[in-house]
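Next up, my_file_31.cif (mmCIF, C-alpha atoms and all ligand atoms):
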```cif
data_query
loop_
_atom_site.group_PDB
_atom_site.id
_atom_site.type_symbol
_atom_site.label_atom_id
_atom_site.label_comp_id
_atom_site.auth_asym_id
_atom_site.auth_seq_id
_atom_site.Cartn_x
_atom_site.Cartn_y
_atom_site.Cartn_z
ATOM 1 C CA MET A 290 12.130 99.117 41.058
ATOM 2 C CA LYS A 291 14.508 99.427 38.147
ATOM 3 C CA THR A 292 17.239 97.596 40.046
ATOM 4 C CA ASN A 293 14.889 94.732 40.868
ATOM 5 C CA ARG A 294 13.770 94.424 37.293
ATOM 6 C CA PHE A 295 17.347 94.567 36.071
ATOM 7 C CA PHE A 296 18.298 91.942 38.617
ATOM 8 C CA SER A 297 15.528 89.596 37.566
ATOM 9 C CA VAL A 298 16.312 90.132 33.889
ATOM 10 C CA SER A 299 19.969 89.451 34.633
ATOM 11 C CA LEU A 300 19.075 86.223 36.417
ATOM 12 C CA ALA A 301 16.931 85.140 33.518
ATOM 13 C CA CYS A 302 19.768 86.008 31.155
ATOM 14 C CA ALA A 303 22.266 84.013 33.158
ATOM 15 C CA PHE A 304 19.932 81.031 33.112
ATOM 16 C CA LEU A 305 19.018 81.269 29.456
ATOM 17 C CA ALA A 306 22.530 82.089 28.279
ATOM 18 C CA GLY A 307 23.669 78.548 28.919
ATOM 19 C CA ILE A 308 20.720 77.073 27.000
ATOM 20 C CA LEU A 309 20.350 79.489 24.137
ATOM 21 C CA ALA A 310 23.929 80.773 23.926
ATOM 22 C CA THR A 311 22.529 84.190 23.193
ATOM 23 C CA SER A 312 23.045 87.633 24.671
ATOM 24 C CA CYS A 313 20.322 89.126 26.813
ATOM 25 C CA LYS A 314 19.556 92.745 27.537
ATOM 26 C CA SER A 315 17.079 94.543 29.729
ATOM 27 C CA PRO A 316 14.005 95.975 27.926
ATOM 28 C CA GLU A 317 15.508 99.462 28.297
ATOM 29 C CA GLU A 318 18.750 98.409 26.639
ATOM 30 C CA VAL A 319 16.925 96.707 23.786
ATOM 31 C CA ALA A 320 14.719 99.754 23.212
ATOM 32 C CA LEU A 321 17.729 102.083 23.224
ATOM 33 C CA LYS A 322 19.642 99.841 20.857
ATOM 34 C CA LYS A 323 16.744 99.810 18.419
ATOM 35 C CA ARG A 324 16.570 103.591 18.481
ATOM 36 C CA LYS A 325 20.313 103.897 17.920
ATOM 37 C CA ASN A 326 20.159 101.658 14.917
ATOM 38 C CA VAL A 327 17.531 103.685 13.055
ATOM 39 C CA PHE A 328 19.751 106.733 12.912
ATOM 40 C CA ILE A 329 22.651 106.881 10.492
ATOM 41 C CA ALA A 330 24.543 110.030 11.314
ATOM 42 C CA GLY A 331 25.632 112.281 8.518
ATOM 43 C CA SER A 332 25.571 109.622 5.838
ATOM 44 C CA LYS A 333 26.300 110.982 2.389
ATOM 45 C CA THR A 334 26.666 107.764 0.509
ATOM 46 C CA GLY A 335 23.037 107.520 -0.528
ATOM 47 C CA GLU A 336 22.212 104.295 1.261
ATOM 48 C CA GLU A 337 18.779 103.885 2.755
ATOM 49 C CA GLY A 338 18.279 106.132 5.742
ATOM 50 C CA GLY A 339 21.039 108.608 4.971
ATOM 51 C CA ASN A 340 21.017 112.165 3.688
ATOM 52 C CA THR A 341 20.907 111.949 -0.060
ATOM 53 C CA ALA A 342 19.874 115.089 -1.891
ATOM 54 C CA GLY A 343 21.145 117.426 0.789
ATOM 55 C CA THR A 344 17.918 119.402 0.996
ATOM 56 C CA GLY A 345 15.300 116.714 1.615
ATOM 57 C CA TRP A 346 13.803 115.273 4.750
ATOM 58 C CA ASN A 347 16.085 112.825 6.521
ATOM 59 C CA PRO A 348 13.920 109.800 7.372
ATOM 60 C CA SER A 349 16.578 108.328 9.662
ATOM 61 C CA LEU A 350 15.905 111.097 12.195
ATOM 62 C CA ASN A 351 12.699 109.294 13.080
ATOM 63 C CA LEU A 352 10.878 112.576 13.735
ATOM 64 C CA PRO A 353 7.406 113.734 12.668
ATOM 65 C CA ARG A 354 7.691 114.977 9.098
ATOM 66 C CA GLY A 355 7.674 118.759 8.767
ATOM 67 C CA GLY A 356 9.315 119.359 12.111
ATOM 68 C CA VAL A 357 8.300 121.705 14.899
ATOM 69 C CA GLY A 358 6.289 124.878 14.311
ATOM 70 C CA SER A 359 5.349 126.849 11.197
ATOM 71 C CA GLN A 360 8.493 128.989 11.114
ATOM 72 C CA ASN A 361 12.146 128.206 10.439
ATOM 73 C CA SER A 362 13.202 130.136 13.537
ATOM 74 C CA TYR A 363 11.825 131.722 16.687
ATOM 75 C CA SER A 364 13.125 134.376 19.039
ATOM 76 C CA ARG A 365 9.746 134.515 20.786
ATOM 77 C CA VAL A 366 6.253 133.175 20.183
ATOM 78 C CA PRO A 367 3.546 135.820 19.696
ATOM 79 C CA ILE A 368 1.066 135.005 22.445
ATOM 80 C CA SER A 369 -0.562 137.269 25.015
ATOM 81 C CA GLU A 370 -0.528 134.858 27.933
ATOM 82 C CA PRO A 371 2.282 135.273 30.491
ATOM 83 C CA ILE A 372 4.169 132.152 29.463
ATOM 84 C CA LEU A 373 7.956 131.897 29.036
ATOM 85 C CA ALA A 374 10.536 129.364 27.930
ATOM 86 C CA MET A 375 13.677 129.357 30.035
ATOM 87 C CA THR A 376 16.652 128.000 28.078
ATOM 88 C CA PHE A 377 20.119 126.974 29.226
ATOM 89 C CA ASP A 378 23.011 126.504 26.796
ATOM 90 C CA ASP A 379 26.390 124.801 26.539
ATOM 91 C CA GLY A 380 26.026 122.112 29.207
ATOM 92 C CA PRO A 381 25.593 119.835 30.805
ATOM 93 C CA HIS A 382 28.111 120.755 33.505
ATOM 94 C CA PRO A 383 28.909 118.079 36.106
ATOM 95 C CA THR A 384 28.029 120.191 39.170
ATOM 96 C CA ASN A 385 26.267 123.360 37.997
ATOM 97 C CA THR A 386 23.620 121.588 35.945
ATOM 98 C CA PRO A 387 22.503 119.223 38.746
ATOM 99 C CA ARG A 388 22.335 122.236 41.082
ATOM 100 C CA LEU A 389 20.133 124.026 38.545
ATOM 101 C CA LEU A 390 17.945 120.939 38.177
ATOM 102 C CA ASP A 391 17.366 120.977 41.951
ATOM 103 C CA ILE A 392 16.328 124.661 41.757
ATOM 104 C CA LEU A 393 13.926 123.961 38.888
ATOM 105 C CA LYS A 394 12.495 120.886 40.590
ATOM 106 C CA ALA A 395 11.775 122.788 43.800
ATOM 107 C CA ARG A 396 9.582 125.166 41.757
ATOM 108 C CA ASN A 397 8.167 122.566 39.360
ATOM 109 C CA ILE A 398 9.567 124.572 36.433
ATOM 110 C CA LYS A 399 10.258 122.851 33.106
ATOM 111 C CA ALA A 400 13.117 124.267 31.031
ATOM 112 C CA THR A 401 14.967 123.563 27.800
ATOM 113 C CA PHE A 402 18.643 122.606 27.709
ATOM 114 C CA PHE A 403 20.596 123.164 24.506
ATOM 115 C CA VAL A 404 23.463 120.760 25.028
ATOM 116 C CA VAL A 405 26.686 120.393 23.079
ATOM 117 C CA GLY A 406 27.390 116.865 21.877
ATOM 118 C CA SER A 407 30.783 116.586 23.557
ATOM 119 C CA ASN A 408 29.228 117.295 26.982
ATOM 120 C CA ALA A 409 26.250 115.057 26.263
ATOM 121 C CA ARG A 410 28.621 112.129 25.723
ATOM 122 C CA ARG A 411 30.549 112.913 28.929
ATOM 123 C CA TYR A 412 27.499 113.296 31.173
ATOM 124 C CA PRO A 413 24.687 111.166 29.738
ATOM 125 C CA HIS A 414 23.271 110.553 33.226
ATOM 126 C CA ILE A 415 22.557 114.287 33.543
ATOM 127 C CA LEU A 416 20.654 114.201 30.246
ATOM 128 C CA ARG A 417 18.627 111.281 31.550
ATOM 129 C CA ARG A 418 17.803 113.244 34.686
ATOM 130 C CA MET A 419 16.657 116.214 32.562
ATOM 131 C CA VAL A 420 14.252 114.014 30.623
ATOM 132 C CA ALA A 421 13.053 112.176 33.729
ATOM 133 C CA GLU A 422 12.167 115.520 35.329
ATOM 134 C CA GLY A 423 10.198 116.804 32.340
ATOM 135 C CA HIS A 424 12.737 119.076 30.696
ATOM 136 C CA GLU A 425 13.453 119.285 26.996
ATOM 137 C CA ILE A 426 16.842 118.798 25.369
ATOM 138 C CA GLY A 427 17.777 120.643 22.188
ATOM 139 C CA ASN A 428 20.757 120.441 19.843
ATOM 140 C CA HIS A 429 23.549 123.014 20.299
ATOM 141 C CA THR A 430 25.983 121.334 17.845
ATOM 142 C CA ASP A 431 28.836 119.022 18.718
ATOM 143 C CA SER A 432 31.716 121.483 19.070
ATOM 144 C CA HIS A 433 29.846 124.779 19.615
ATOM 145 C CA ALA A 434 30.457 125.552 15.972
ATOM 146 C CA TYR A 435 29.978 128.908 14.274
ATOM 147 C CA LEU A 436 27.507 127.706 11.641
ATOM 148 C CA THR A 437 28.023 130.674 9.327
ATOM 149 C CA LYS A 438 31.734 129.833 9.068
ATOM 150 C CA ILE A 439 31.539 126.135 8.182
ATOM 151 C CA SER A 440 30.253 124.157 5.197
ATOM 152 C CA SER A 441 26.773 122.664 4.929
ATOM 153 C CA ASP A 442 28.224 119.182 5.259
ATOM 154 C CA ALA A 443 30.126 120.209 8.377
ATOM 155 C CA ILE A 444 26.855 121.552 9.828
ATOM 156 C CA ARG A 445 25.163 118.237 8.995
ATOM 157 C CA ARG A 446 27.876 116.378 10.872
ATOM 158 C CA GLU A 447 27.689 118.746 13.881
ATOM 159 C CA LEU A 448 23.929 118.330 14.150
ATOM 160 C CA SER A 449 23.835 114.602 13.378
ATOM 161 C CA VAL A 450 26.523 113.669 15.881
ATOM 162 C CA THR A 451 24.816 115.656 18.631
ATOM 163 C CA HIS A 452 21.389 114.294 17.711
ATOM 164 C CA GLN A 453 22.834 110.811 18.052
ATOM 165 C CA ALA A 454 24.468 111.592 21.411
ATOM 166 C CA ILE A 455 21.175 112.848 22.844
ATOM 167 C CA VAL A 456 19.219 109.863 21.521
ATOM 168 C CA SER A 457 21.865 107.457 22.808
ATOM 169 C CA ALA A 458 21.750 108.987 26.278
ATOM 170 C CA THR A 459 17.995 109.407 26.649
ATOM 171 C CA GLY A 460 16.105 107.616 23.882
ATOM 172 C CA VAL A 461 14.444 110.948 23.112
ATOM 173 C CA ALA A 462 15.236 112.854 19.918
ATOM 174 C CA PRO A 463 15.942 116.590 20.076
ATOM 175 C CA ARG A 464 13.463 118.648 18.043
ATOM 176 C CA THR A 465 15.088 122.085 17.968
ATOM 177 C CA VAL A 466 18.517 123.627 17.439
ATOM 178 C CA ARG A 467 20.078 126.683 18.999
ATOM 179 C CA PRO A 468 22.817 127.919 16.695
ATOM 180 C CA PRO A 469 25.868 128.841 18.806
ATOM 181 C CA TYR A 470 26.261 132.642 19.051
ATOM 182 C CA GLY A 471 22.869 132.920 17.356
ATOM 183 C CA ALA A 472 24.840 132.785 14.115
ATOM 184 C CA VAL A 473 22.752 131.285 11.318
ATOM 185 C CA THR A 474 21.651 132.524 7.896
ATOM 186 C CA SER A 475 18.080 132.442 6.561
ATOM 187 C CA GLU A 476 19.169 129.880 3.992
ATOM 188 C CA GLN A 477 20.679 127.665 6.682
ATOM 189 C CA LYS A 478 17.564 127.952 8.834
ATOM 190 C CA ALA A 479 15.479 126.754 5.886
ATOM 191 C CA TRP A 480 17.483 123.667 5.011
ATOM 192 C CA ILE A 481 18.093 122.713 8.643
ATOM 193 C CA LYS A 482 14.313 122.792 9.168
ATOM 194 C CA ALA A 483 13.770 120.807 5.978
ATOM 195 C CA GLU A 484 16.338 118.117 6.778
ATOM 196 C CA PHE A 485 16.300 117.868 10.545
ATOM 197 C CA GLY A 486 12.862 119.277 11.356
ATOM 198 C CA TYR A 487 14.538 121.678 13.753
ATOM 199 C CA PRO A 488 13.461 125.300 13.939
ATOM 200 C CA SER A 489 16.407 127.521 14.956
ATOM 201 C CA ILE A 490 15.682 128.828 18.436
ATOM 202 C CA LEU A 491 17.088 132.281 19.172
ATOM 203 C CA TRP A 492 15.977 134.394 22.153
ATOM 204 C CA SER A 493 14.137 137.521 23.260
ATOM 205 C CA VAL A 494 16.250 138.221 26.349
ATOM 206 C CA ASP A 495 20.027 137.811 26.633
ATOM 207 C CA PRO A 496 21.431 138.749 30.061
ATOM 208 C CA GLU A 497 24.993 138.215 28.768
ATOM 209 C CA ASP A 498 25.588 136.038 31.796
ATOM 210 C CA TRP A 499 28.714 134.562 30.189
ATOM 211 C CA LYS A 500 30.400 137.946 30.730
ATOM 212 C CA ARG A 501 29.804 137.396 34.464
ATOM 213 C CA PRO A 502 28.182 140.759 35.190
ATOM 214 C CA GLY A 503 27.181 139.674 38.689
ATOM 215 C CA VAL A 504 24.316 137.632 40.069
ATOM 216 C CA SER A 505 21.908 140.516 40.668
ATOM 217 C CA VAL A 506 22.513 141.948 37.188
ATOM 218 C CA VAL A 507 21.709 138.619 35.552
ATOM 219 C CA THR A 508 18.490 138.459 37.551
ATOM 220 C CA SER A 509 17.410 142.033 36.812
ATOM 221 C CA ARG A 510 18.098 141.693 33.076
ATOM 222 C CA LEU A 511 16.064 138.492 32.797
ATOM 223 C CA VAL A 512 13.181 139.733 34.938
ATOM 224 C CA SER A 513 12.923 143.158 33.300
ATOM 225 C CA GLY A 514 13.168 141.669 29.792
ATOM 226 C CA ALA A 515 10.497 138.999 30.216
ATOM 227 C CA ARG A 516 7.375 139.418 28.045
ATOM 228 C CA PRO A 517 4.606 136.949 27.159
ATOM 229 C CA GLY A 518 5.916 134.298 24.771
ATOM 230 C CA GLY A 519 9.522 135.175 25.547
ATOM 231 C CA ILE A 520 12.505 132.878 25.194
ATOM 232 C CA LEU A 521 15.084 133.623 27.885
ATOM 233 C CA LEU A 522 18.739 132.729 27.380
ATOM 234 C CA ALA A 523 21.211 131.650 30.058
ATOM 235 C CA HIS A 524 24.142 129.256 30.413
ATOM 236 C CA ASP A 525 24.173 126.416 32.920
ATOM 237 C CA ILE A 526 27.966 126.041 32.762
ATOM 238 C CA HIS A 527 28.492 129.247 34.781
ATOM 239 C CA SER A 528 28.135 129.041 38.546
ATOM 240 C CA PRO A 529 26.976 132.686 39.030
ATOM 241 C CA THR A 530 24.164 132.041 36.555
ATOM 242 C CA ILE A 531 22.930 129.191 38.737
ATOM 243 C CA ASP A 532 23.250 131.471 41.787
ATOM 244 C CA ALA A 533 20.982 133.970 40.001
ATOM 245 C CA MET A 534 18.235 131.462 39.265
ATOM 246 C CA PRO A 535 16.333 131.185 42.557
ATOM 247 C CA SER A 536 15.695 134.918 42.696
ATOM 248 C CA THR A 537 15.101 135.203 38.930
ATOM 249 C CA LEU A 538 12.566 132.401 38.841
ATOM 250 C CA ASP A 539 10.818 133.490 42.043
ATOM 251 C CA GLN A 540 10.442 137.064 40.756
ATOM 252 C CA LEU A 541 9.069 135.868 37.418
ATOM 253 C CA LEU A 542 6.634 133.522 39.170
ATOM 254 C CA ALA A 543 5.559 136.408 41.408
ATOM 255 C CA LYS A 544 4.840 138.462 38.269
ATOM 256 C CA GLY A 545 2.488 135.714 37.118
ATOM 257 C CA PHE A 546 4.667 134.016 34.512
ATOM 258 C CA ARG A 547 4.450 130.292 33.884
ATOM 259 C CA PHE A 548 7.231 128.250 32.321
ATOM 260 C CA VAL A 549 7.058 125.716 29.509
ATOM 261 C CA THR A 550 9.608 124.055 27.248
ATOM 262 C CA VAL A 551 10.450 125.552 23.866
ATOM 263 C CA THR A 552 8.390 123.101 21.830
ATOM 264 C CA GLN A 553 5.470 123.547 24.214
ATOM 265 C CA LEU A 554 5.751 127.315 23.723
ATOM 266 C CA ILE A 555 5.827 126.924 19.945
ATOM 267 C CA SER A 556 2.747 124.713 20.127
ATOM 268 C CA LEU A 557 0.895 127.749 21.516
ATOM 269 C CA GLU A 558 1.623 129.840 18.411
ATOM 270 C CA GLY A 559 -1.513 131.136 16.779
ATOM 271 C CA ARG A 560 -3.347 131.522 20.083
ATOM 272 C CA GLY A 561 -2.725 135.276 19.772
HETATM 273 NI NI NI B 1 26.402 128.319 23.328
#
```

Translate the structure described by the file into structure tokens.
Amino acid sequence: MKTNRFFSVSLACAFLAGILATSCKSPEEVALKKRKNVFIAGSKTGEEGGNTAGTGWNPSLNLPRGGVGSQNSYSRVPISEPILAMTFDDGPHPTNTPRLLDILKARNIKATFFVVGSNARRYPHILRRMVAEGHEIGNHTDSHAYLTKISSDAIRRELSVTHQAIVSATGVAPRTVRPPYGAVTSEQKAWIKAEFGYPSILWSVDPEDWKRPGVSVVTSRLVSGARPGGILLAHDIHSPTIDAMPSTLDQLLAKGFRFVTVTQLISLEGRG
């Protein structure tokens, strides 16, 4: 379908190019280019669309004003229904992430991927697959930076560059940030929410899968820690974590849990 349309657009381009001497792009390319152009990453010069005051809303992000949720950060959402958000950090990884996507797809589970900008630029096709299959992509900074150890302007650059990489790959803007290591101050949470609209997403269960404790340990920690409204942390760059997912997800489903993305979970806040 897409190939046919591209082919016909290409033919039309080839024909028109000689007459109009103009460049031609598919509708998808044009739409992506428009989105790219509205975002001026990390601008400090005060021109239209850039960050100016340093604490105000950044209109170039093209996001709903006020951002996501009532709070500046979440480690869970206080609801009583058995609903969870499964989150995967640090990817995408060229083989582990597609394997995880297959596992999620087989169970019709939607997850949230907090990607680092450098990986997003290397594997944009994996980001496009995430979006196509209903998952959410969040911002995990460009270089996996320790936010409490760098300047506010350096944080702005980390977030802006990654925001741009995600938009460039998918056409969809990220709406949340996961601070690497969970390291973020209250003050930083407040201005990041004010400027980027991102709440800082922490977690309610950390299986410490990056320490490679073994597949069954990762599963038992996630399953035993799950509570309604929980945000579960894992890393899709580690192969044993992916190995742990079929059993983890099947046990949680058997316990009656349903899975939503982080912003979907936040949208349930206030339901008690
Ligand atoms: Ni991380």

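The two atoms in question, atom CA of A:Trp492 and atom CA of A:Gly471, are spaced 8.5 Å apart.
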
Ground truth for the PyMOL selection byres (((chain A and resi 444) around 12) and not hetatm), written as an MDAnalysis selection string: chainID A and resid 330:331 343 428:443 445:451 466 468:469 473 477:478 480:481 484:485

Per-residue nearest contacts stretch 358-393 of chain A to stretch 526-538 of chain A, cut-off 12 Å, using only C-alpha atoms, as a tab-separated table:
```
residue	atom	partner	partner_atom	distance
A:Leu373	CA	A:Leu538	CA	10.8
A:Ala374	CA	A:Leu538	CA	11.5
A:Met375	CA	A:Leu538	CA	9.4
A:Thr376	CA	A:Met534	CA	11.8
A:Phe377	CA	A:Ile526	CA	8.7
A:Asp378	CA	A:Ile526	CA	7.8
A:Asp379	CA	A:Ile526	CA	6.5
A:Gly380	CA	A:Ile526	CA	5.6
A:Pro381	CA	A:Ile526	CA	6.9
A:His382	CA	A:Ile526	CA	5.3
A:Pro383	CA	A:Ile526	CA	8.7
A:Thr384	CA	A:Ile526	CA	8.7
A:Asn385	CA	A:Ser528	CA	6.0
A:Thr386	CA	A:Ile526	CA	7.0
A:Pro387	CA	A:Ile531	CA	10.0
A:Arg388	CA	A:Ile531	CA	7.4
A:Leu389	CA	A:Ile531	CA	5.9
A:Leu390	CA	A:Ile531	CA	9.7
A:Asp391	CA	A:Pro535	CA	10.3
A:Ile392	CA	A:Pro535	CA	6.6
A:Leu393	CA	A:Pro535	CA	8.5
```

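Minimum atom-to-atom distance to ligand NI 1 (chain B), evaluated using all atoms listed in the file, belongs to A:Asn408 out of A:Thr550, A:Asn408, A:Thr474, A:Ser556.
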
Exercise: A:Glu370 partners within 6 Å, only C-alpha atoms, chain neighbours under 2 positions left out, as a tab-separated table (two decimals) with C-alpha atoms, in the frame of the given file:
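Written output follows (result22.tsv):
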```tsv
chain	number	residue	atom	x	y	z
A	368	ILE	CA	1.07	135.00	22.44
A	372	ILE	CA	4.17	132.15	29.46
A	517	PRO	CA	4.61	136.95	27.16
```

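Put simply, the PyMOL selection byres (((chain A and resi 411-422) around 9) and not hetatm) on this file hits Pro381, His382, Pro383, Thr386, Pro387, Leu390, Lys394, Lys399, Ala400, Thr401, Phe402, Val404, Gly406, Ser407, Asn408, Ala409, Arg410, Gly423, His424, Glu425, Ile426, Ala454, Ile455, Ser457, Ala458, Thr459, Gly460 and Val461 of chain A.
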
Using C-alpha atoms, can you write the selected residues to a file as a JSON list (two decimals), in the coordinates of the input?
```
[["chain", "number", "residue", "atom", "x", "y", "z"],
["A", 381, "PRO", "CA", 25.59, 119.84, 30.80],
["A", 382, "HIS", "CA", 28.11, 120.76, 33.51],
["A", 383, "PRO", "CA", 28.91, 118.08, 36.11],
["A", 386, "THR", "CA", 23.62, 121.59, 35.94],
["A", 387, "PRO", "CA", 22.50, 119.22, 38.75],
["A", 390, "LEU", "CA", 17.94, 120.94, 38.18],
["A", 394, "LYS", "CA", 12.50, 120.89, 40.59],
["A", 399, "LYS", "CA", 10.26, 122.85, 33.11],
["A", 400, "ALA", "CA", 13.12, 124.27, 31.03],
["A", 401, "THR", "CA", 14.97, 123.56, 27.80],
["A", 402, "PHE", "CA", 18.64, 122.61, 27.71],
["A", 404, "VAL", "CA", 23.46, 120.76, 25.03],
["A", 406, "GLY", "CA", 27.39, 116.86, 21.88],
["A", 407, "SER", "CA", 30.78, 116.59, 23.56],
["A", 408, "ASN", "CA", 29.23, 117.30, 26.98],
["A", 409, "ALA", "CA", 26.25, 115.06, 26.26],
["A", 410, "ARG", "CA", 28.62, 112.13, 25.72],
["A", 423, "GLY", "CA", 10.20, 116.80, 32.34],
["A", 424, "HIS", "CA", 12.74, 119.08, 30.70],
["A", 425, "GLU", "CA", 13.45, 119.28, 27.00],
["A", 426, "ILE", "CA", 16.84, 118.80, 25.37],
["A", 454, "ALA", "CA", 24.47, 111.59, 21.41],
["A", 455, "ILE", "CA", 21.18, 112.85, 22.84],
["A", 457, "SER", "CA", 21.86, 107.46, 22.81],
["A", 458, "ALA", "CA", 21.75, 108.99, 26.28],
["A", 459, "THR", "CA", 18.00, 109.41, 26.65],
["A", 460, "GLY", "CA", 16.10, 107.62, 23.88],
["A", 461, "VAL", "CA", 14.44, 110.95, 23.11]]
```

Pairwise distance for atom CA of A:Lys500 and atom CA of A:Phe546, rounded to one decimal in Å: 26.3 Å
